[in-house]
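Undergrad: Got a file for you: model10.txt, compact mmCIF, C-alpha atoms.
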# COMPACT_ATOMS: atom_id res chain seq x y z
CA MET N 1 80.02 43.92 -81.37
CA GLU N 2 82.34 46.71 -80.38
CA TRP N 3 84.83 44.20 -79.06
CA VAL N 4 84.66 42.08 -82.19
CA ARG N 5 85.46 45.10 -84.30
CA PHE N 6 88.32 46.06 -82.05
CA GLY N 7 89.67 42.51 -82.20
CA ILE N 8 89.54 42.39 -86.00
CA SER N 9 91.23 45.75 -86.37
CA ALA N 10 93.90 44.81 -83.83
CA ALA N 11 94.58 41.59 -85.77
CA PHE N 12 94.93 43.56 -89.00
CA LEU N 13 97.23 46.08 -87.36
CA LEU N 14 99.37 43.40 -85.80
CA PHE N 15 99.70 41.56 -89.09
CA GLY N 16 100.70 44.78 -90.83
CA ILE N 17 103.29 45.58 -88.18
CA LEU N 18 104.61 42.02 -88.51
CA MET N 19 105.02 42.63 -92.22
CA PHE N 20 106.96 45.81 -91.53
CA LEU N 21 109.13 43.94 -89.04
CA ALA N 22 109.88 41.23 -91.59
CA ALA N 23 110.65 43.91 -94.16
CA SER N 24 113.07 45.75 -91.92
CA ILE N 25 114.83 42.54 -90.89
CA GLY N 26 115.09 41.56 -94.54
CA VAL N 27 116.47 44.94 -95.57
CA ASN N 28 119.21 44.64 -93.00
CA ARG N 29 120.05 40.95 -93.32
CA PHE N 30 119.94 40.13 -97.01
CA ARG N 31 123.18 40.33 -98.93
CA ARG N 32 122.24 41.47 -102.42
CA ALA N 33 120.58 44.72 -103.35
CA LEU N 34 117.81 43.02 -105.30
CA ASN N 35 116.95 40.76 -102.36
CA ARG N 36 116.87 43.72 -100.05
CA MET N 37 114.55 45.59 -102.34
CA HIS N 38 112.24 42.61 -102.50
CA ALA N 39 112.01 42.70 -98.70
CA ALA N 40 111.44 46.44 -98.60
CA ALA N 41 108.66 46.22 -101.17
CA LEU N 42 106.84 43.76 -98.93
CA GLY N 43 106.51 46.34 -96.17
CA ASP N 44 105.58 49.13 -98.52
CA THR N 45 102.69 47.29 -100.12
CA LEU N 46 101.24 44.53 -97.95
CA GLY N 47 102.21 46.07 -94.62
CA ILE N 48 100.72 49.44 -95.35
CA LEU N 49 97.52 47.87 -96.71
CA PHE N 50 96.91 45.88 -93.53
CA VAL N 51 97.79 48.72 -91.17
CA ILE N 52 95.40 51.08 -92.94
CA LEU N 53 92.64 48.47 -93.18
CA GLY N 54 92.97 47.98 -89.43
CA LEU N 55 92.66 51.71 -88.86
CA ILE N 56 89.60 51.93 -91.10
CA ILE N 57 87.85 49.08 -89.29
CA TRP N 58 88.67 50.62 -85.96
CA LYS N 59 87.29 54.05 -86.74
CA GLY N 60 84.39 52.98 -88.96
CA ILE N 61 83.73 53.97 -92.54
CA SER N 62 83.72 57.73 -93.06
CA PHE N 63 85.20 60.35 -95.34
CA ASP N 64 88.55 59.87 -93.63
CA SER N 65 88.69 56.20 -94.55
CA LEU N 66 88.37 57.20 -98.20
CA LYS N 67 91.42 59.41 -97.75
CA LEU N 68 93.29 56.53 -96.14
CA LEU N 69 92.40 54.29 -99.07
CA LEU N 70 93.80 56.95 -101.38
CA VAL N 71 97.03 56.81 -99.39
CA VAL N 72 97.15 53.05 -100.00
CA LEU N 73 96.47 53.59 -103.68
CA PHE N 74 99.27 56.14 -103.92
CA PHE N 75 101.70 53.80 -102.20
CA TRP N 76 100.74 50.91 -104.44
CA LEU N 77 101.33 53.06 -107.48
CA ALA N 78 104.52 54.74 -106.35
CA SER N 79 106.48 52.19 -104.35
CA PRO N 80 106.65 49.27 -106.83
CA VAL N 81 107.61 51.66 -109.62
CA ALA N 82 110.37 53.16 -107.52
CA GLY N 83 111.59 49.65 -106.73
CA HIS N 84 111.48 48.77 -110.40
CA MET N 85 113.59 51.80 -111.33
CA ILE N 86 116.19 51.07 -108.66
CA SER N 87 116.38 47.43 -109.71
CA ARG N 88 116.90 48.44 -113.33
CA LEU N 89 119.79 50.63 -112.27
CA GLU N 90 121.17 47.81 -110.15
CA VAL N 91 120.95 45.36 -113.03
CA THR N 92 122.77 47.69 -115.42
CA THR N 93 125.54 48.62 -112.99
CA ASP N 94 126.19 45.50 -110.92
CA GLU N 95 128.95 43.47 -112.53
CA ASP N 96 128.57 40.24 -110.61
CA LEU N 97 124.89 39.60 -110.45
CA GLY N 98 125.49 35.88 -110.51
CA GLU N 99 123.14 33.58 -112.33
CA ILE N 100 120.42 36.07 -113.00
CA GLU N 101 119.76 36.31 -116.70
CA VAL N 102 118.90 39.79 -117.80
CA GLU N 103 117.46 40.66 -121.13
CA HIS N 104 119.02 43.86 -122.32
CA HIS N 105 117.09 45.76 -124.87
CA GLU N 106 117.40 49.17 -126.40
CA ASP N 107 115.36 52.04 -125.11
CA ILE N 108 111.73 51.62 -125.90
CA MET I 1 152.23 107.02 -98.67
CA ARG I 2 155.90 106.70 -97.98
CA LEU I 3 157.05 103.38 -96.78
CA ARG I 4 159.83 102.87 -94.32
CA ASP I 5 163.15 102.04 -95.82
CA ASP I 6 163.37 98.74 -94.03
CA TYR I 7 159.78 97.91 -94.81
CA GLU I 8 160.76 94.56 -96.24
CA GLU I 9 162.15 93.59 -92.85
CA SER I 10 159.32 94.99 -90.73
CA ARG I 11 157.15 92.68 -88.70
CA TRP I 12 153.94 93.93 -90.25
CA HIS I 13 155.15 93.10 -93.72
CA ARG I 14 156.18 89.65 -92.67
CA LEU I 15 152.81 89.08 -91.00
CA GLU I 16 151.09 90.26 -94.15
CA LYS I 17 153.13 87.89 -96.23
CA TRP I 18 152.41 85.08 -93.83
CA VAL I 19 148.68 85.77 -94.03
CA ASP I 20 148.80 85.82 -97.81
CA GLY I 21 150.71 82.57 -97.85
CA ASP I 22 153.74 84.06 -99.60
CA ILE I 23 156.25 82.86 -97.06
CA ASP I 24 157.47 79.37 -97.51
CA PRO I 25 158.00 77.96 -94.02
CA LEU I 26 160.51 75.47 -95.39
CA GLU I 27 162.64 78.11 -97.12
CA GLY I 28 166.30 77.57 -96.45
CA ARG I 29 165.63 74.39 -94.57
CA MET I 30 165.07 72.04 -97.42
CA GLU I 31 167.27 70.76 -100.15
CA ILE I 32 166.01 72.35 -103.31
CA LYS I 33 168.21 70.52 -105.78
CA PRO I 34 166.78 67.16 -106.80
CA PRO I 35 169.00 64.12 -106.43
CA ASP I 36 170.80 63.15 -109.60
CA GLY I 37 169.20 59.78 -110.09
CA GLU I 38 165.62 60.94 -110.19
CA LYS I 39 166.32 64.02 -112.19
CA ASP I 40 164.79 62.77 -115.39
CA GLU I 41 161.56 61.66 -113.82
CA ASN I 42 161.05 64.84 -111.87
CA THR I 43 161.73 67.25 -114.68
CA LYS I 44 159.26 65.57 -116.96
CA LEU I 45 156.49 67.95 -117.89
CA PRO I 46 153.09 67.05 -116.46
CA GLU I 47 150.57 65.62 -118.84
CA ASP I 48 147.24 67.29 -119.18
CA GLY I 49 145.12 66.71 -116.13
CA GLU I 50 147.76 64.62 -114.36
CA PRO I 51 149.06 65.99 -111.08
CA PHE I 52 152.67 67.14 -111.28
CA PHE I 53 153.75 65.43 -108.10
CA ASP I 54 152.41 62.92 -105.69
CA GLU I 55 151.19 65.03 -102.81
CA GLU I 56 151.06 62.21 -100.30
CA LYS I 57 154.59 61.14 -101.03
CA ILE I 58 155.92 64.68 -100.71
CA ASN I 59 154.10 65.19 -97.44
CA SER I 60 155.43 61.97 -96.01
CA VAL I 61 158.97 62.92 -96.94
CA VAL I 62 158.82 66.55 -95.85
CA TYR I 63 156.80 66.25 -92.68
CA ASP I 64 157.76 62.67 -91.93
CA THR I 65 154.15 61.86 -91.07
CA ALA I 66 154.92 58.41 -89.72
CA HIS I 67 157.43 59.49 -87.06
CA ASN I 68 156.61 63.13 -86.43
CA LYS I 69 156.11 63.57 -82.69
CA GLU I 70 154.60 67.04 -82.97
CA LEU I 71 152.07 65.82 -85.47
CA LYS I 72 151.11 62.90 -83.27
CA LEU I 73 150.71 65.17 -80.27
CA PHE I 74 148.67 67.59 -82.32
CA ARG I 75 146.36 64.84 -83.45
CA ILE I 76 145.79 63.60 -79.91
CA ILE I 77 145.12 67.12 -78.65
CA TYR I 78 142.82 67.80 -81.57
CA ARG I 79 140.70 64.76 -80.81
CA LEU I 80 140.60 65.48 -77.10
CA ALA I 81 139.67 69.10 -77.71
CA SER I 82 136.86 68.20 -80.11
CA VAL I 83 135.37 65.74 -77.63
CA LEU I 84 135.73 68.30 -74.86
CA LEU I 85 134.05 70.99 -76.93
CA CYS I 86 131.10 68.75 -77.78
CA VAL I 87 130.64 67.67 -74.16
CA THR I 88 130.80 71.27 -72.98
CA LEU I 89 128.27 72.37 -75.55
CA ILE I 90 125.87 69.58 -74.61
CA GLY I 91 126.35 70.37 -70.94
CA VAL I 92 125.66 74.07 -71.37
CA LEU I 93 122.55 73.41 -73.42
CA LEU I 94 121.20 70.87 -70.93
CA TRP I 95 121.97 73.26 -68.09
CA THR I 96 119.90 75.91 -69.83
CA VAL I 97 116.99 73.52 -70.21
CA VAL I 98 116.69 73.34 -66.43
CA TYR I 99 115.96 77.06 -66.29
CA LEU I 100 113.32 77.01 -69.01
CA PRO I 101 109.76 77.71 -67.85
CA GLU I 102 107.50 74.75 -67.34
CA PHE I 103 105.81 73.45 -70.47
CA GLY I 104 102.16 74.46 -70.83
CA SER I 105 102.05 76.69 -67.79
CA PRO I 106 99.78 79.73 -68.22
CA ASP I 107 102.35 82.08 -66.66
CA ASN I 108 104.85 81.43 -69.42
CA PRO I 109 106.33 84.49 -71.13
CA ILE I 110 104.96 83.34 -74.50
CA ASN I 111 101.39 83.75 -73.26
CA ASN I 112 101.48 87.50 -73.48
CA GLU I 113 99.17 90.06 -75.00
CA VAL I 114 100.50 89.46 -78.52
CA SER I 115 99.38 85.85 -78.79
CA ALA I 116 96.14 86.70 -77.01
CA ARG I 117 95.49 89.33 -79.63
CA TYR I 118 96.24 86.89 -82.44
CA ILE I 119 93.75 84.41 -81.03
CA GLU I 120 91.00 86.90 -80.20
CA LYS I 121 91.12 89.20 -83.18
CA GLY I 122 93.06 87.18 -85.74
CA VAL I 123 90.09 85.90 -87.74
CA GLU I 124 88.37 89.26 -87.63
CA GLU I 125 91.39 91.27 -88.74
CA THR I 126 92.92 88.96 -91.34
CA GLY I 127 89.83 87.10 -92.50
CA ALA I 128 91.67 83.78 -92.51
CA THR I 129 90.10 80.92 -90.57
CA ASN I 130 93.47 79.20 -90.39
CA PHE I 131 95.10 81.86 -88.33
CA VAL I 132 98.57 80.37 -88.54
CA THR I 133 98.45 81.49 -92.16
CA GLY I 134 96.85 84.72 -91.03
CA MET I 135 99.84 85.28 -88.79
CA ILE I 136 102.66 84.41 -91.19
CA LEU I 137 101.14 86.11 -94.23
CA ASP I 138 99.52 89.10 -92.60
CA TYR I 139 100.96 90.16 -89.25
CA ARG I 140 104.44 88.86 -90.05
CA ALA I 141 104.33 89.01 -93.81
CA PHE I 142 107.77 90.57 -94.17
CA ASP I 143 109.29 87.64 -92.32
CA THR I 144 107.78 85.28 -94.88
CA PHE I 145 109.00 87.57 -97.64
CA GLY I 146 112.51 87.16 -96.28
CA GLU I 147 112.10 83.40 -96.29
CA SER I 148 111.03 83.38 -99.94
CA CYS I 149 113.99 85.61 -100.78
CA VAL I 150 116.29 83.18 -98.98
CA LEU I 151 115.02 80.42 -101.26
CA PHE I 152 115.64 82.58 -104.31
CA ILE I 153 119.14 83.50 -103.14
CA ALA I 154 119.92 79.86 -102.42
CA ALA I 155 118.86 78.90 -105.94
CA THR I 156 121.04 81.69 -107.36
CA CYS I 157 124.04 80.55 -105.34
CA VAL I 158 123.62 76.97 -106.54
CA LEU I 159 123.36 78.35 -110.06
CA VAL I 160 126.65 80.19 -109.61
CA LEU I 161 128.41 77.16 -108.17
CA MET I 162 127.05 74.31 -110.24
CA ARG I 163 126.53 75.77 -113.67
CA LEU I 164 128.82 74.62 -116.42
CA ASP I 165 130.94 77.36 -117.87
CA ASN I 166 129.57 78.45 -121.20
CA SER I 167 132.39 80.77 -122.20
CA SER I 168 135.00 78.18 -123.12
CA SER I 169 135.16 76.66 -126.55
CA LYS I 170 132.70 74.12 -127.83
CA GLU I 171 135.12 71.21 -127.72
CA LYS I 172 135.94 71.85 -124.09
CA MET I 173 132.27 72.28 -123.30
CA LYS I 174 131.48 68.91 -124.80
CA LYS I 175 134.28 67.26 -122.87
CA LYS I 176 133.17 68.88 -119.67
CA LYS I 177 129.62 67.77 -120.18
CA GLU I 178 130.75 64.22 -120.71
CA GLU I 179 132.82 64.36 -117.54
CA GLU I 180 129.90 65.70 -115.57
CA ASN I 181 127.57 63.14 -116.99
CA ASP I 182 127.14 60.52 -114.32
CA ARG I 183 123.80 59.33 -115.60
CA LEU I 184 125.06 56.92 -118.23
CA TYR I 185 123.65 53.88 -116.54
CA GLU I 186 120.49 55.54 -115.42
CA PRO I 187 117.41 53.85 -116.81
CA LYS I 188 115.92 56.07 -119.47
CA ASN I 189 112.47 56.12 -121.02
CA ASP I 190 111.08 53.45 -118.76
CA LEU I 191 107.61 52.55 -120.00
CA ILE I 192 106.27 51.57 -116.58
CA LEU I 193 107.43 54.81 -114.99
CA GLN I 194 105.99 56.84 -117.86
CA LYS I 195 102.56 55.24 -117.61
CA VAL I 196 102.43 55.60 -113.84
CA SER I 197 103.56 59.20 -113.91
CA CYS I 198 100.90 59.92 -116.53
CA VAL I 199 98.43 59.06 -113.79
CA LEU I 200 100.26 60.49 -110.82
CA VAL I 201 101.66 63.81 -112.04
CA PRO I 202 98.28 65.50 -112.68
CA LEU I 203 97.00 64.27 -109.32
CA ILE I 204 100.09 65.61 -107.57
CA PHE I 205 99.69 68.97 -109.30
CA ILE I 206 96.02 69.17 -108.34
CA PHE I 207 96.82 68.28 -104.76
CA GLY I 208 99.53 70.94 -104.58
CA ILE I 209 97.24 73.58 -106.04
CA TYR I 210 94.56 72.58 -103.57
CA ILE I 211 96.98 73.00 -100.67
CA ILE I 212 98.04 76.43 -101.89
CA LEU I 213 94.55 77.73 -102.57
CA ASN I 214 93.21 76.43 -99.27
CA GLY I 215 96.08 77.91 -97.28
CA HIS I 216 93.88 80.38 -95.46
CA LEU I 217 91.13 77.85 -94.72
CA SER I 218 92.90 74.66 -93.71
CA PRO I 219 96.40 73.56 -92.75
CA GLY I 220 98.81 74.08 -95.61
CA GLY I 221 99.88 77.07 -97.61
CA GLY I 222 102.46 78.23 -100.06
CA PHE I 223 105.48 76.40 -98.73
CA SER I 224 103.99 72.92 -98.47
CA GLY I 225 101.94 73.21 -101.64
CA GLY I 226 104.92 74.54 -103.55
CA ALA I 227 107.01 71.61 -102.39
CA VAL I 228 104.31 69.19 -103.60
CA ILE I 229 104.18 70.84 -107.04
CA GLY I 230 107.97 70.87 -107.25
CA SER I 231 108.12 67.14 -106.54
CA GLY I 232 105.52 66.56 -109.24
CA LEU I 233 107.72 68.45 -111.69
CA ILE I 234 110.71 66.36 -110.69
CA LEU I 235 108.73 63.15 -111.22
CA TYR I 236 107.70 64.32 -114.67
CA LEU I 237 111.31 65.15 -115.49
CA ASN I 238 112.49 61.73 -114.36
CA ALA I 239 109.89 59.96 -116.43
CA PHE I 240 110.17 61.88 -119.67
CA GLY I 241 113.61 63.45 -119.67
CA PHE I 242 114.88 66.96 -120.07
CA LYS I 243 113.65 67.50 -123.61
CA LYS I 244 110.01 67.38 -122.59
CA THR I 245 110.36 69.62 -119.57
CA GLU I 246 112.47 72.17 -121.38
CA ARG I 247 109.51 72.89 -123.60
CA PHE I 248 107.84 74.71 -120.74
CA PHE I 249 110.45 75.21 -118.03
CA THR I 250 113.82 76.76 -118.78
CA GLU I 251 116.03 79.16 -116.94
CA LYS I 252 114.09 82.01 -118.44
CA THR I 253 110.79 80.80 -117.01
CA PHE I 254 112.42 80.25 -113.66
CA ARG I 255 113.76 83.80 -113.62
CA ARG I 256 110.51 85.35 -114.78
CA ILE I 257 108.27 83.44 -112.39
CA THR I 258 110.39 83.95 -109.29
CA LEU I 259 111.04 87.61 -110.00
CA ALA I 260 107.41 88.36 -110.74
CA ALA I 261 106.20 86.53 -107.66
CA LEU I 262 108.71 88.17 -105.34
CA THR I 263 108.08 91.63 -106.77
CA PHE I 264 104.35 91.27 -106.47
CA TYR I 265 104.70 90.05 -102.91
CA CYS I 266 106.94 92.95 -101.97
CA LEU I 267 104.77 95.62 -103.58
CA ALA I 268 101.45 94.27 -102.32
CA LYS I 269 102.62 93.86 -98.77
CA SER I 270 104.41 97.19 -98.71
CA TYR I 271 101.18 98.85 -99.82
CA SER I 272 99.09 97.15 -97.20
CA PHE I 273 101.60 97.85 -94.42
CA PHE I 274 101.92 101.48 -95.48
CA THR I 275 98.18 102.07 -95.47
CA GLY I 276 97.73 100.09 -92.26
CA ALA I 277 100.42 102.02 -90.41
CA ASN I 278 98.90 105.35 -91.43
CA HIS I 279 95.32 104.36 -90.58
CA MET I 280 94.21 104.59 -94.17
CA GLU I 281 91.66 102.46 -95.95
CA SER I 282 93.60 99.97 -98.07
CA GLY I 283 90.66 99.06 -100.26
CA ILE I 284 91.34 95.35 -100.07
CA PRO I 285 88.13 93.53 -99.11
CA LEU I 286 88.46 90.89 -96.43
CA GLY I 287 85.41 88.91 -97.46
CA THR I 288 83.57 86.44 -95.28
CA PRO I 289 85.89 84.19 -93.29
CA GLY I 290 85.68 80.62 -94.59
CA ALA I 291 85.00 81.42 -98.25
CA ILE I 292 87.67 80.59 -100.79
CA LEU I 293 87.90 84.20 -102.01
CA SER I 294 88.42 85.86 -98.70
CA SER I 295 91.03 87.23 -96.32
CA GLY I 296 92.34 89.95 -98.61
CA LEU I 297 95.94 89.57 -99.69
CA ILE I 298 96.63 86.19 -98.12
CA LEU I 299 95.46 84.13 -101.09
CA PRO I 300 97.59 85.89 -103.75
CA LEU I 301 100.56 85.97 -101.41
CA ASN I 302 100.18 82.23 -100.84
CA ILE I 303 100.18 81.69 -104.59
CA CYS I 304 103.36 83.77 -104.93
CA VAL I 305 105.15 81.82 -102.21
CA GLY I 306 103.99 78.55 -103.75
CA LEU I 307 105.35 79.53 -107.17
CA VAL I 308 108.71 80.51 -105.74
CA VAL I 309 109.02 77.31 -103.72
CA ALA I 310 108.02 75.05 -106.63
CA CYS I 311 110.47 76.73 -109.00
CA THR I 312 113.27 76.59 -106.47
CA MET I 313 112.78 72.89 -105.77
CA TYR I 314 112.81 72.06 -109.46
CA ALA I 315 115.78 74.35 -110.12
CA PHE I 316 117.81 72.70 -107.38
CA TYR I 317 117.12 69.29 -108.83
CA THR I 318 118.07 70.19 -112.38
CA LEU I 319 121.15 72.12 -111.29
CA PHE I 320 122.50 69.28 -109.23
CA ARG I 321 121.72 66.79 -111.97
CA LYS I 322 123.04 68.38 -115.09
CA GLY I 323 124.43 71.76 -114.12
CA GLY I 324 121.89 73.90 -115.91
CA MET I 325 118.23 74.38 -116.41
Take the structure in the file and give it back as structure tokens.
TA:
Amino acid sequence: MEWVRFGISAAFLLFGILMFLAASIGVNRFRRALNRMHAAALGDTLGILFVILGLIIWKGISFDSLKLLLVVLFFWLASPVAGHMISRLEVTTDEDLGEIEVEHHEDI
Amino acid sequence: MRLRDDYEESRWHRLEKWVDGDIDPLEGRMEIKPPDGEKDENTKLPEDGEPFFDEEKINSVVYDTAHNKELKLFRIIYRLASVLLCVTLIGVLLWTVVYLPEFGSPDNPINNEVSARYIEKGVEETGATNFVTGMILDYRAFDTFGESCVLFIAATCVLVLMRLDNSSSKEKMKKKKEEENDRLYEPKNDLILQKVSCVLVPLIFIFGIYIILNGHLSPGGGFSGGAVIGSGLILYLNAFGFKKTERFFTEKTFRRITLAALTFYCLAKSYSFFTGANHMESGIPLGTPGAILSSGLILPLNICVGLVVACTMYAFYTLFRKGGM
């Protein structure tokens, strides 16, 4: 039983680390800012979820795992919004975005 | 004081002039009169804001930067010397590391009677279960006071450097503001950000307040909690703009809060040090260690430090962003 739990948590952790690896490769290899941000968002959301799930399974459910879940919640709230803001700035300032169609509208 | 008659020729006077930058090293060695052909271009008055002459061009003509042997030599020596200096510095520092005492050994000079006293009697004397806080806000409170003052002074210096000049006329002020405004393309009034910060900002504030109030019980304290609150303020500012934040936080509030907090800190700690040094009863109850209202002055001092740090963080951000609060 102990080994099964360890195996599951290790699988979760490995998958999360893989996500982070993919994210960091993407951030460094993609050409456009929007593509890079897409890659970075992958690590910040999916990667962190799997790493923290792995940690929770490893240590068992306790008060600390609630805190870890709050960390995930905070990241899920903060990181996509930050990405959204940066992409808005990128869309308004980049002159050659290519074929992306952007709907400009006045301030809400 | 009577000067020498040949003061103008004396070495001291020439040195003084050289230090002040009055002596032109090219005097008498350069042709002052402009060539006839370019006379019209050179005598043209400079337009507003345009540089009178092209500095690079002048430098390349006067110093002959492309073919100047001295300059080349100087550059090579400069690079060599900088590398040499860095290597020497690294070498000296590494050499010192060899002579440091072994890490974690009980005979180390840091394990003296002072730290033993902190560990043995810290909780009893300060009433704080987190005796790192007990140390920095009780035994070494004046050190922490200095740190808070450094923050305040840093904020004042940034204010002096970054603030837009108010004294000039309104037209100029407007122009200046437009020049300084590099946030034209910044996304404003983003609905997603506003909704998310509606959720996050109160939570961040509560978390910061928790860290400050629990400074004497658990890891944390004024500095970290103040930084958390300051970042919450910055998030609120980014989501809703300056108009909303200026309803409750202007330069006046910044001045009042920081001054009040620093003054209270100074007075309270001076009182407790004065009474402690003279073996008098200070009248500040220590309470039971572990309770939220305990450990005497540490809790209010933590709040003061937290206020100063939060205000300074926010002030830095606004000053760097729009040159005012």
Undergrad: For the atom pair atom CA of Leu217 of chain I and atom CA of Thr144 of chain I, what is the interatomic distance in Å to one decimal place?
TA: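 Computed distance, atom CA of Leu217 of chain I to atom CA of Thr144 of chain I, equals 18.2 Å.
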Undergrad: Using only C-alpha atoms and a distance of at most 12 Å, pull out the residues of chain N that contact chain I, as number ranges by chain.
TA: N: 70, 73-94, 104-108
Undergrad: Here's a test: counting only C-alpha atoms, identify every protein, DNA and RNA residue with an atom at most 10 Å from (108.1, 75.2, -109.6) in the file's coordinate frame, and state them as a list in words.
TA: Gly226, Ala227, Val228, Ile229, Gly230, Ser231, Gly232, Leu233, Ile234, Phe249, Thr253, Phe254, Ile257, Thr258, Gly306, Leu307, Val308, Val309, Ala310, Cys311, Thr312, Met313, Tyr314 and Ala315 of chain I
Undergrad: Kindly indicate which residue among N:Ile61, N:Leu68, N:Met19, N:Val27 lies nearest to Leu42 of chain N, using all atoms listed in the file for the distances.
TA: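 Ranked by minimum distance to Leu42 of chain N, first place goes to N:Met19.
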Undergrad: To one decimal place, how far is atom CA of Phe273 of chain I from atom CA of Ile298 of chain I in Å?
TA: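 Going from atom CA of Phe273 of chain I over to atom CA of Ile298 of chain I covers 13.2 Å.
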Undergrad: So how far away is atom CA of Lys252 of chain I from atom CA of Cys198 of chain I, in Å?
TA: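 Here the two named atoms are 25.8 Å from each other.
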Undergrad: Using all atoms listed in the file, determine which residues lie at most 12 Å from Gly276 of chain I, disregarding the query and same-chain residues fewer than 6 positions distant; provide the list as a list in words.
TA: Glu125, Asp138, Tyr139, Lys269, Ser270, Ser282, Gly283 and Ile284 of chain I
Undergrad: Is it possible to get the residues within 9 Å of (90.1, 50.7, -88.0) (coordinates as in the file, counting all atoms listed in the file) written as a ChimeraX atom specification?
TA: /N:5-6,8-10,12-13,51-61,65
Undergrad: Could I get segment 150-165 of chain I from the block written out with N, CA and C atoms, as a tab-separated table (two decimals), in the first residue's frame?
TA:
chain	number	residue	atom	x	y	z
I	150	VAL	N	15.99	53.55	7.12
I	150	VAL	CA	16.62	53.46	5.80
I	150	VAL	C	15.56	53.38	4.72
I	151	LEU	N	14.51	52.60	4.97
I	151	LEU	CA	13.42	52.51	3.99
I	151	LEU	C	12.80	53.88	3.76
I	152	PHE	N	12.54	54.58	4.86
I	152	PHE	CA	11.92	55.90	4.75
I	152	PHE	C	12.81	56.85	3.97
I	153	ILE	N	14.12	56.82	4.28
I	153	ILE	CA	15.05	57.72	3.60
I	153	ILE	C	15.13	57.37	2.12
I	154	ALA	N	15.10	56.05	1.82
I	154	ALA	CA	15.15	55.66	0.42
I	154	ALA	C	13.93	56.19	-0.33
I	155	ALA	N	12.76	56.09	0.31
I	155	ALA	CA	11.55	56.59	-0.34
I	155	ALA	C	11.65	58.10	-0.56
I	156	THR	N	12.23	58.81	0.43
I	156	THR	CA	12.36	60.26	0.28
I	156	THR	C	13.31	60.60	-0.86
I	157	CYS	N	14.41	59.84	-0.97
I	157	CYS	CA	15.37	60.11	-2.04
I	157	CYS	C	14.72	59.88	-3.40
I	158	VAL	N	13.96	58.80	-3.53
I	158	VAL	CA	13.29	58.55	-4.80
I	158	VAL	C	12.31	59.67	-5.09
I	159	LEU	N	11.66	60.16	-4.03
I	159	LEU	CA	10.73	61.28	-4.21
I	159	LEU	C	11.45	62.49	-4.75
I	160	VAL	N	12.64	62.76	-4.20
I	160	VAL	CA	13.41	63.92	-4.65
I	160	VAL	C	13.81	63.74	-6.11
I	161	LEU	N	14.23	62.53	-6.47
I	161	LEU	CA	14.78	62.33	-7.81
I	161	LEU	C	13.70	62.22	-8.87
I	162	MET	N	12.60	61.53	-8.55
I	162	MET	CA	11.66	61.16	-9.60
I	162	MET	C	10.50	62.12	-9.73
I	163	ARG	N	10.26	62.96	-8.73
I	163	ARG	CA	9.04	63.74	-8.77
I	163	ARG	C	9.08	64.78	-9.86
I	164	LEU	N	7.96	64.98	-10.50
I	164	LEU	CA	7.89	66.01	-11.54
I	164	LEU	C	7.85	67.38	-10.88
I	165	ASP	N	8.54	68.32	-11.51
I	165	ASP	CA	8.65	69.64	-10.93
I	165	ASP	C	7.31	70.36	-11.02
